[in-house]
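Everything below belongs to final.pdb, which stores PDB, C-alpha atoms.
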```
ATOM      1  CA  MET D   9      37.395 -32.958 -32.458
ATOM      2  CA  GLU D  10      38.560 -29.354 -32.423
ATOM      3  CA  LYS D  11      39.960 -29.616 -35.941
ATOM      4  CA  THR D  12      36.800 -31.050 -37.486
ATOM      5  CA  ALA D  13      34.425 -28.623 -35.736
ATOM      6  CA  HIS D  14      34.137 -26.365 -38.801
ATOM      7  CA  ILE D  15      33.735 -29.038 -41.454
ATOM      8  CA  PHE D  16      30.631 -30.824 -42.625
ATOM      9  CA  GLU D  17      31.142 -34.559 -42.962
ATOM     10  CA  TYR D  18      30.705 -36.147 -46.412
ATOM     11  CA  LYS D  19      27.563 -37.865 -45.159
ATOM     12  CA  THR D  20      25.950 -34.552 -44.163
ATOM     13  CA  LEU D  21      26.763 -33.112 -47.583
ATOM     14  CA  ALA D  22      25.326 -36.181 -49.344
ATOM     15  CA  LEU D  23      22.120 -35.977 -47.296
ATOM     16  CA  THR D  24      21.823 -32.285 -48.171
ATOM     17  CA  LEU D  25      22.178 -33.147 -51.861
ATOM     18  CA  ALA D  26      19.509 -35.835 -51.481
ATOM     19  CA  GLY D  27      17.195 -33.281 -49.844
ATOM     20  CA  LEU D  28      17.793 -30.793 -52.645
ATOM     21  CA  LEU D  29      17.042 -33.422 -55.310
ATOM     22  CA  VAL D  30      13.843 -34.515 -53.552
ATOM     23  CA  MET D  31      12.681 -30.896 -53.352
ATOM     24  CA  THR D  32      13.413 -30.450 -57.061
ATOM     25  CA  GLY D  33      11.097 -33.419 -57.691
ATOM     26  CA  VAL D  34       8.418 -31.915 -55.440
ATOM     27  CA  THR D  35       8.548 -28.531 -57.172
ATOM     28  CA  VAL D  36       8.277 -30.167 -60.627
ATOM     29  CA  GLY D  37       5.377 -32.304 -59.386
ATOM     30  CA  ALA D  38       3.621 -29.268 -57.926
ATOM     31  CA  ALA D  39       3.941 -27.465 -61.266
ATOM     32  CA  CYS D  40       1.974 -30.273 -62.960
ATOM     33  CA  ILE D  41      -1.121 -29.358 -60.964
ATOM     34  CA  ASP D  42      -2.812 -26.104 -61.963
ATOM     35  CA  LEU D  43      -3.646 -24.194 -58.773
ATOM     36  CA  GLY D  44      -3.622 -20.715 -60.311
ATOM     37  CA  TRP D  45      -1.626 -18.082 -58.435
ATOM     38  CA  VAL D  46      -0.900 -20.542 -55.599
ATOM     39  CA  ASN D  47       1.575 -22.306 -57.946
ATOM     40  CA  VAL D  48       3.861 -19.260 -57.945
ATOM     41  CA  TRP D  49       4.025 -19.186 -54.153
ATOM     42  CA  ILE D  50       4.601 -22.938 -53.854
ATOM     43  CA  ALA D  51       7.466 -22.725 -56.374
ATOM     44  CA  LEU D  52       9.043 -19.712 -54.641
ATOM     45  CA  THR D  53       8.696 -21.263 -51.169
ATOM     46  CA  ILE D  54      10.398 -24.485 -52.261
ATOM     47  CA  ALA D  55      13.114 -22.496 -54.067
ATOM     48  CA  SER D  56      13.727 -20.467 -50.889
ATOM     49  CA  ILE D  57      14.052 -23.623 -48.773
ATOM     50  CA  LYS D  58      16.497 -25.102 -51.316
ATOM     51  CA  ALA D  59      18.497 -21.858 -51.385
ATOM     52  CA  SER D  60      18.641 -21.842 -47.566
ATOM     53  CA  LEU D  61      20.007 -25.390 -47.544
ATOM     54  CA  VAL D  62      22.731 -24.448 -50.048
ATOM     55  CA  LEU D  63      23.534 -21.336 -48.012
ATOM     56  CA  VAL D  64      23.653 -22.981 -44.583
ATOM     57  CA  VAL D  65      25.377 -26.256 -45.489
ATOM     58  CA  PHE D  66      27.298 -25.910 -48.768
ATOM     59  CA  MET D  67      28.290 -22.278 -48.150
ATOM     60  CA  HIS D  68      29.052 -22.957 -44.454
ATOM     61  CA  MET D  69      26.842 -20.128 -43.164
ATOM     62  CA  LYS D  70      26.132 -22.350 -40.140
ATOM     63  CA  PHE D  71      29.704 -21.784 -38.960
ATOM     64  CA  GLU D  72      29.933 -18.059 -39.711
ATOM     65  CA  GLY D  73      29.882 -15.303 -37.146
ATOM     66  CA  ARG D  74      27.560 -12.371 -36.706
ATOM     67  CA  ALA D  75      29.224 -10.146 -39.325
ATOM     68  CA  LEU D  76      28.435 -12.460 -42.244
ATOM     69  CA  ARG D  77      25.043 -13.552 -40.959
ATOM     70  CA  TRP D  78      23.783 -10.008 -40.486
ATOM     71  CA  SER D  79      25.335  -8.635 -43.646
ATOM     72  CA  PHE D  80      23.692 -11.439 -45.619
ATOM     73  CA  LEU D  81      20.322 -10.802 -43.990
ATOM     74  CA  SER D  82      20.725  -7.081 -44.734
ATOM     75  CA  THR D  83      21.251  -7.901 -48.410
ATOM     76  CA  VAL D  84      18.098 -10.024 -48.469
ATOM     77  CA  CYS D  85      16.179  -7.235 -46.665
ATOM     78  CA  PHE D  86      17.431  -4.715 -49.213
ATOM     79  CA  LEU D  87      16.188  -6.980 -51.992
ATOM     80  CA  ALA D  88      12.819  -7.347 -50.240
ATOM     81  CA  VAL D  89      12.504  -3.554 -49.941
ATOM     82  CA  MET D  90      13.385  -3.210 -53.630
ATOM     83  CA  ILE D  91      10.727  -5.768 -54.611
ATOM     84  CA  GLY D  92       8.166  -4.331 -52.184
ATOM     85  CA  PHE D  93       8.576  -0.711 -53.289
ATOM     86  CA  THR D  94       8.580  -1.651 -56.974
ATOM     87  CA  PHE D  95       5.269  -3.472 -56.630
ATOM     88  CA  TRP D  96       3.883  -0.674 -54.475
ATOM     89  CA  ASP D  97       4.706   1.738 -57.282
ATOM     90  CA  VAL D  98       3.407  -0.465 -60.118
ATOM     91  CA  ALA D  99       0.194  -1.415 -58.315
ATOM     92  CA  PHE D 100      -0.974   2.194 -57.791
ATOM     93  CA  ARG D 101      -0.091   3.696 -61.149
TER
ATOM     94  CA  MET Q  15      55.999 -16.566 -44.102
ATOM     95  CA  ALA Q  16      53.512 -14.124 -45.632
ATOM     96  CA  PRO Q  17      50.685 -13.166 -43.291
ATOM     97  CA  LEU Q  18      47.476 -14.976 -44.143
ATOM     98  CA  ASP Q  19      44.054 -13.527 -43.476
ATOM     99  CA  PRO Q  20      41.516 -16.166 -44.515
ATOM    100  CA  SER Q  21      38.564 -14.534 -42.748
ATOM    101  CA  GLY Q  22      39.315 -11.197 -44.420
ATOM    102  CA  LYS Q  23      39.477 -12.883 -47.823
ATOM    103  CA  LYS Q  24      36.195 -14.622 -47.153
ATOM    104  CA  MET Q  25      34.524 -11.372 -46.056
ATOM    105  CA  GLY Q  26      35.703  -9.716 -49.268
ATOM    106  CA  MET Q  27      34.248 -12.566 -51.307
ATOM    107  CA  TRP Q  28      30.914 -12.327 -49.524
ATOM    108  CA  LEU Q  29      30.737  -8.563 -50.130
ATOM    109  CA  PHE Q  30      31.209  -9.292 -53.827
ATOM    110  CA  LEU Q  31      28.551 -12.011 -53.693
ATOM    111  CA  TYR Q  32      26.084  -9.487 -52.213
ATOM    112  CA  THR Q  33      26.507  -7.330 -55.307
ATOM    113  CA  GLU Q  34      25.837 -10.425 -57.432
ATOM    114  CA  ILE Q  35      22.643 -11.099 -55.474
ATOM    115  CA  ILE Q  36      21.474  -7.543 -56.154
ATOM    116  CA  LEU Q  37      22.441  -7.855 -59.836
ATOM    117  CA  PHE Q  38      20.281 -10.940 -60.377
ATOM    118  CA  GLY Q  39      17.731  -9.670 -57.838
ATOM    119  CA  GLY Q  40      17.164  -6.583 -59.982
ATOM    120  CA  LEU Q  41      16.511  -8.789 -63.018
ATOM    121  CA  PHE Q  42      14.118 -10.940 -60.980
ATOM    122  CA  VAL Q  43      12.198  -7.797 -59.951
ATOM    123  CA  LEU Q  44      11.888  -6.893 -63.629
ATOM    124  CA  TYR Q  45      10.636 -10.419 -64.315
ATOM    125  CA  ALA Q  46       8.117 -10.231 -61.439
ATOM    126  CA  VAL Q  47       6.626  -6.930 -62.588
ATOM    127  CA  TYR Q  48       6.171  -8.117 -66.184
ATOM    128  CA  PHE Q  49       4.895 -11.492 -65.007
ATOM    129  CA  ALA Q  50       2.202  -9.707 -62.991
ATOM    130  CA  ARG Q  51       1.256  -7.602 -66.018
ATOM    131  CA  TYR Q  52       1.432 -10.262 -68.768
ATOM    132  CA  THR Q  53       0.720 -13.489 -66.872
ATOM    133  CA  PRO Q  54      -1.012 -15.352 -69.782
ATOM    134  CA  ASP Q  55       1.834 -14.510 -72.211
ATOM    135  CA  PHE Q  56       4.440 -15.689 -69.689
ATOM    136  CA  ILE Q  57       2.554 -18.980 -69.290
ATOM    137  CA  ASP Q  58       2.559 -19.396 -73.103
ATOM    138  CA  GLY Q  59       6.277 -18.580 -73.174
ATOM    139  CA  ALA Q  60       7.132 -21.139 -70.498
ATOM    140  CA  ALA Q  61       5.136 -23.757 -72.424
ATOM    141  CA  LEU Q  62       7.566 -23.244 -75.348
ATOM    142  CA  LEU Q  63      10.567 -24.073 -73.151
ATOM    143  CA  ASP Q  64      11.647 -27.690 -72.764
ATOM    144  CA  ARG Q  65      11.086 -28.569 -69.103
ATOM    145  CA  GLY Q  66      13.389 -31.598 -69.447
ATOM    146  CA  PHE Q  67      16.424 -29.369 -70.070
ATOM    147  CA  GLY Q  68      15.517 -27.294 -67.007
ATOM    148  CA  ILE Q  69      15.207 -30.354 -64.766
ATOM    149  CA  VAL Q  70      18.423 -31.988 -66.001
ATOM    150  CA  ASN Q  71      20.398 -28.763 -65.621
ATOM    151  CA  THR Q  72      19.030 -28.242 -62.108
ATOM    152  CA  VAL Q  73      20.137 -31.734 -61.077
ATOM    153  CA  ILE Q  74      23.556 -31.204 -62.698
ATOM    154  CA  LEU Q  75      24.176 -27.954 -60.815
ATOM    155  CA  LEU Q  76      23.038 -29.408 -57.485
ATOM    156  CA  VAL Q  77      25.372 -32.379 -57.936
ATOM    157  CA  SER Q  78      28.234 -30.055 -58.926
ATOM    158  CA  SER Q  79      27.686 -28.002 -55.771
ATOM    159  CA  PHE Q  80      27.902 -31.194 -53.746
ATOM    160  CA  PHE Q  81      31.205 -32.039 -55.484
ATOM    161  CA  VAL Q  82      32.669 -28.640 -54.593
ATOM    162  CA  ALA Q  83      31.434 -28.788 -50.986
ATOM    163  CA  ALA Q  84      32.902 -32.294 -50.641
ATOM    164  CA  GLY Q  85      36.161 -30.982 -52.116
ATOM    165  CA  ILE Q  86      36.379 -28.301 -49.415
ATOM    166  CA  THR Q  87      35.699 -30.852 -46.668
ATOM    167  CA  ALA Q  88      38.377 -33.060 -48.258
ATOM    168  CA  VAL Q  89      41.029 -30.315 -48.431
ATOM    169  CA  ARG Q  90      40.611 -29.654 -44.703
ATOM    170  CA  LYS Q  91      40.888 -33.365 -43.944
ATOM    171  CA  GLY Q  92      43.939 -33.698 -46.211
ATOM    172  CA  HIS Q  93      42.195 -36.076 -48.620
ATOM    173  CA  THR Q  94      43.858 -34.728 -51.756
ATOM    174  CA  ARG Q  95      42.473 -37.368 -54.124
ATOM    175  CA  ILE Q  96      38.911 -36.535 -53.080
ATOM    176  CA  VAL Q  97      39.623 -32.812 -53.610
ATOM    177  CA  LEU Q  98      40.794 -33.558 -57.160
ATOM    178  CA  ALA Q  99      37.842 -35.860 -57.841
ATOM    179  CA  GLY Q 100      35.421 -33.208 -56.555
ATOM    180  CA  LEU Q 101      36.908 -30.453 -58.703
ATOM    181  CA  TRP Q 102      37.028 -32.620 -61.840
ATOM    182  CA  GLY Q 103      33.436 -33.685 -61.165
ATOM    183  CA  ALA Q 104      32.271 -30.090 -60.760
ATOM    184  CA  LEU Q 105      34.064 -29.030 -63.950
ATOM    185  CA  ALA Q 106      32.465 -31.901 -65.862
ATOM    186  CA  CYS Q 107      29.032 -30.884 -64.531
ATOM    187  CA  GLY Q 108      29.639 -27.279 -65.594
ATOM    188  CA  ALA Q 109      30.637 -28.413 -69.093
ATOM    189  CA  ILE Q 110      27.549 -30.632 -69.460
ATOM    190  CA  PHE Q 111      25.395 -27.732 -68.253
ATOM    191  CA  LEU Q 112      26.813 -25.450 -70.953
ATOM    192  CA  VAL Q 113      26.410 -28.089 -73.686
ATOM    193  CA  ASN Q 114      22.756 -28.484 -72.671
ATOM    194  CA  LYS Q 115      22.306 -24.704 -72.801
ATOM    195  CA  TYR Q 116      23.879 -24.646 -76.275
ATOM    196  CA  VAL Q 117      21.531 -27.354 -77.559
ATOM    197  CA  GLU Q 118      18.542 -25.720 -75.879
ATOM    198  CA  TRP Q 119      19.272 -22.244 -77.270
ATOM    199  CA  GLY Q 120      20.055 -23.784 -80.654
ATOM    200  CA  HIS Q 121      16.565 -25.348 -80.846
ATOM    201  CA  LYS Q 122      14.981 -22.008 -79.957
ATOM    202  CA  PHE Q 123      17.004 -20.210 -82.623
ATOM    203  CA  GLU Q 124      15.963 -22.811 -85.224
ATOM    204  CA  ASN Q 125      12.337 -22.169 -84.347
ATOM    205  CA  GLY Q 126      12.844 -18.444 -84.851
ATOM    206  CA  ILE Q 127      12.776 -17.600 -81.140
ATOM    207  CA  TYR Q 128      15.677 -15.239 -80.501
ATOM    208  CA  PRO Q 129      15.974 -11.559 -79.552
ATOM    209  CA  GLY Q 130      14.649  -9.386 -82.355
ATOM    210  CA  SER Q 131      13.354 -12.336 -84.424
ATOM    211  CA  GLU Q 132      10.217 -11.797 -86.541
ATOM    212  CA  THR Q 133       8.339 -14.479 -84.612
ATOM    213  CA  LEU Q 134       8.877 -12.640 -81.331
ATOM    214  CA  VAL Q 135       8.479  -9.084 -82.612
ATOM    215  CA  ASP Q 136       5.103  -9.963 -84.208
ATOM    216  CA  SER Q 137       3.913 -11.892 -81.128
ATOM    217  CA  PRO Q 138       1.972 -10.431 -78.185
ATOM    218  CA  GLY Q 139       4.189  -8.028 -76.175
ATOM    219  CA  GLY Q 140       4.415 -10.294 -73.157
ATOM    220  CA  LEU Q 141       5.940 -13.189 -75.098
ATOM    221  CA  ASN Q 142       8.715 -10.976 -76.437
ATOM    222  CA  LEU Q 143       9.410  -9.761 -72.885
ATOM    223  CA  PHE Q 144       9.438 -13.325 -71.539
ATOM    224  CA  PHE Q 145      12.056 -14.453 -74.032
ATOM    225  CA  GLY Q 146      14.015 -11.212 -73.696
ATOM    226  CA  LEU Q 147      14.301 -11.875 -69.950
ATOM    227  CA  TYR Q 148      14.997 -15.561 -70.620
ATOM    228  CA  TYR Q 149      17.982 -14.809 -72.842
ATOM    229  CA  VAL Q 150      19.388 -12.036 -70.631
ATOM    230  CA  ILE Q 151      19.049 -13.930 -67.339
ATOM    231  CA  THR Q 152      20.103 -17.408 -68.518
ATOM    232  CA  GLY Q 153      22.848 -15.831 -70.654
ATOM    233  CA  LEU Q 154      24.243 -13.873 -67.712
ATOM    234  CA  HIS Q 155      23.972 -17.014 -65.596
ATOM    235  CA  GLY Q 156      25.813 -19.021 -68.263
ATOM    236  CA  LEU Q 157      28.588 -16.431 -68.220
ATOM    237  CA  HIS Q 158      28.821 -16.936 -64.449
ATOM    238  CA  ILE Q 159      29.128 -20.692 -65.005
ATOM    239  CA  LEU Q 160      32.066 -20.039 -67.342
ATOM    240  CA  ILE Q 161      33.756 -17.753 -64.781
ATOM    241  CA  GLY Q 162      33.093 -20.264 -61.993
ATOM    242  CA  MET Q 163      34.587 -23.082 -64.083
ATOM    243  CA  SER Q 164      37.687 -20.965 -64.752
ATOM    244  CA  LEU Q 165      38.128 -20.366 -61.018
ATOM    245  CA  LEU Q 166      37.681 -24.061 -60.239
ATOM    246  CA  ALA Q 167      40.176 -24.968 -62.988
ATOM    247  CA  VAL Q 168      42.766 -22.622 -61.424
ATOM    248  CA  CYS Q 169      42.129 -24.281 -58.048
ATOM    249  CA  LEU Q 170      42.551 -27.700 -59.641
ATOM    250  CA  VAL Q 171      46.001 -26.764 -60.982
ATOM    251  CA  LEU Q 172      47.009 -25.298 -57.605
ATOM    252  CA  VAL Q 173      45.895 -28.452 -55.804
ATOM    253  CA  TYR Q 174      48.051 -30.515 -58.180
ATOM    254  CA  ARG Q 175      50.978 -28.172 -57.432
ATOM    255  CA  ARG Q 176      50.277 -28.419 -53.688
ATOM    256  CA  LYS Q 177      49.687 -24.669 -53.454
ATOM    257  CA  ILE Q 178      46.204 -25.273 -52.056
ATOM    258  CA  THR Q 179      46.465 -27.260 -48.838
ATOM    259  CA  ALA Q 180      44.635 -27.692 -45.543
ATOM    260  CA  GLN Q 181      46.596 -24.694 -44.201
ATOM    261  CA  GLN Q 182      46.017 -22.514 -47.230
ATOM    262  CA  ASP Q 183      42.634 -23.041 -48.851
ATOM    263  CA  ALA Q 184      41.171 -19.516 -49.102
ATOM    264  CA  LEU Q 185      41.126 -19.522 -52.926
ATOM    265  CA  LEU Q 186      39.360 -22.861 -53.069
ATOM    266  CA  GLU Q 187      36.889 -21.754 -50.415
ATOM    267  CA  ASN Q 188      36.112 -18.482 -52.235
ATOM    268  CA  SER Q 189      35.808 -20.212 -55.617
ATOM    269  CA  GLY Q 190      33.458 -22.679 -53.946
ATOM    270  CA  LEU Q 191      31.354 -19.829 -52.545
ATOM    271  CA  TYR Q 192      31.099 -18.336 -56.034
ATOM    272  CA  TRP Q 193      30.088 -21.683 -57.526
ATOM    273  CA  HIS Q 194      27.427 -22.232 -54.852
ATOM    274  CA  LEU Q 195      26.015 -18.759 -55.468
ATOM    275  CA  VAL Q 196      25.686 -19.537 -59.185
ATOM    276  CA  ASP Q 197      23.822 -22.715 -58.190
ATOM    277  CA  LEU Q 198      21.670 -20.743 -55.745
ATOM    278  CA  ILE Q 199      20.664 -18.285 -58.478
ATOM    279  CA  TRP Q 200      19.741 -21.171 -60.801
ATOM    280  CA  ILE Q 201      17.483 -22.565 -58.044
ATOM    281  CA  PHE Q 202      15.325 -19.451 -58.608
ATOM    282  CA  ILE Q 203      15.744 -19.243 -62.398
ATOM    283  CA  PHE Q 204      14.456 -22.813 -62.843
ATOM    284  CA  PRO Q 205      10.907 -22.334 -61.467
ATOM    285  CA  LEU Q 206      10.631 -18.780 -62.842
ATOM    286  CA  PHE Q 207      11.160 -19.857 -66.445
ATOM    287  CA  TYR Q 208      10.410 -23.554 -66.688
ATOM    288  CA  LEU Q 209       7.651 -24.151 -64.162
ATOM    289  CA  VAL Q 210       5.189 -21.335 -64.899
ATOM    290  CA  VAL Q 211       1.662 -22.765 -65.101
TER
END
```
Rewrite the structure of this file - the entire thing - as structure tokens.
Amino acid sequence: MEKTAHIFEYKTLALTLAGLLVMTGVTVGAACIDLGWVNVWIALTIASIKASLVLVVFMHMKFEGRALRWSFLSTVCFLAVMIGFTFWDVAFR
Amino acid sequence: MAPLDPSGKKMGMWLFLYTEIILFGGLFVLYAVYFARYTPDFIDGAALLDRGFGIVNTVILLVSSFFVAAGITAVRKGHTRIVLAGLWGALACGAIFLVNKYVEWGHKFENGIYPGSETLVDSPGGLNLFFGLYYVITGLHGLHILIGMSLLAVCLVLVYRRKITAQQDALLENSGLYWHLVDLIWIFIFPLFYLVV
């Protein structure tokens, strides 16, 4: 039990893959319907969920300690600030 | 026995991966700004891309990530044959991905769509930007696939030589992290270029 605590079982990995494939289908399906600007947000939301699955399961973030979790979140926050400030600048030119 | 520091090695790898996230993140910001400014041209550009290639390559990369993740589970369980199968599978997926990219780019080149081509230079500004970003981002991503495949190939040899084992799997784990990050970046590239409507 102790030895296997930090490993995902093959079944968990296979289910994750199945989830990722289903979401790929959903995002392609959603792109076939023209909803205007909503399409962009649907696509990005699904992509973010898929990325989170890869991060948490395949990249083992579930088992990592505070150092990696917070440093990863800081990177994402930095990216968000970069995107936010860029659009802030471009929008008011 | 040499001192091993797997958590230190992993932390180092993650720090490197953060710089990769910012590298591609910067390109995505560039994409977002031009998309907001030239939305109709970007929609026309995406219509010229073959969605089938995008879908197939997405599936291939997701499956390859599963192979690598299964390989890491297998190395910890001591299932060497599954480790080898996973790494061979991931390498095959990477190769198919690159062949698809070659065919896809080849078609575009034949139709006169490449950086600096007359078709693009004479087209509306947004279309030229769309394909400029397409070639830079998918090209840089393709280069990452090549590097990731090289790392996985090194791991494969070391598994055969029993240098990567349940007690000593930091290289395989870090190569796996790199491969998953390349997959993760593709998860965003796919809708940005192929699914714009």
Give me the chain D side of the contact with chain Q, cut-off 6 Å, one line per residue showing its nearest atom pair and distance in Å at one decimal, counting all atoms listed in the file, sorted by chain and residue number, as CSV.
```
residue,atom,partner,partner_atom,distance
D:Ile15,CA,Q:Thr87,CA,5.9
D:Ala39,CA,Q:Leu209,CA,5.8
D:Ala55,CA,Q:Phe202,CA,5.9
D:Ala59,CA,Q:Leu198,CA,5.5
D:Phe66,CA,Q:Ala83,CA,5.5
D:Met67,CA,Q:Leu191,CA,5.9
D:Ile91,CA,Q:Val43,CA,5.9
```
Requested write-out: C-alpha atoms of the selected residues, as an mmCIF file, in the coordinates of the input:
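Done, and the output landed in again-v7.cif:
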```cif
data_model
loop_
_atom_site.group_PDB
_atom_site.id
_atom_site.type_symbol
_atom_site.label_atom_id
_atom_site.label_comp_id
_atom_site.auth_asym_id
_atom_site.auth_seq_id
_atom_site.Cartn_x
_atom_site.Cartn_y
_atom_site.Cartn_z
ATOM 1 C CA ILE D 15 33.735 -29.038 -41.454
ATOM 2 C CA ALA D 39 3.941 -27.465 -61.266
ATOM 3 C CA ALA D 55 13.114 -22.496 -54.067
ATOM 4 C CA ALA D 59 18.497 -21.858 -51.385
ATOM 5 C CA PHE D 66 27.298 -25.910 -48.768
ATOM 6 C CA MET D 67 28.290 -22.278 -48.150
ATOM 7 C CA ILE D 91 10.727 -5.768 -54.611
#
```
inquiry  = As an exercise, work out the distance from CA of Ile57 (chain D) to CA of Leu63 (chain Q) in Å and give it to one decimal place.
reply    = 24.6 Å
message = Given the point (6.8, -13.2, -74.6) in the file's coordinates, find the residues that have an atom at most 12 Å from it, counting only C-alpha atoms, and give them as an NGL selection string.
response = :Q and (45 or 48-49 or 51-63 or 127-131 or 133-149 or 207)
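Taking CA of Val171 (chain Q) and CA of Leu101 (chain Q) as endpoints, the distance between them is 10.1 Å.
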ask   = Using the chain letters and numbers from the file, which residues does the PyMOL selection byres ((chain D and resi 21) around 8) grab, as number ranges by chain?
value = D: 16-20, 22-25, 65-66; Q: 80, 83-84
ask   = Written as a PyMOL selection string, which residues does the PyMOL selection byres ((chain Q and resi 178) around 12) give for the file shown?
value = chain Q and resi 85-86+88-90+92+94+97-98+166+168-177+179-187
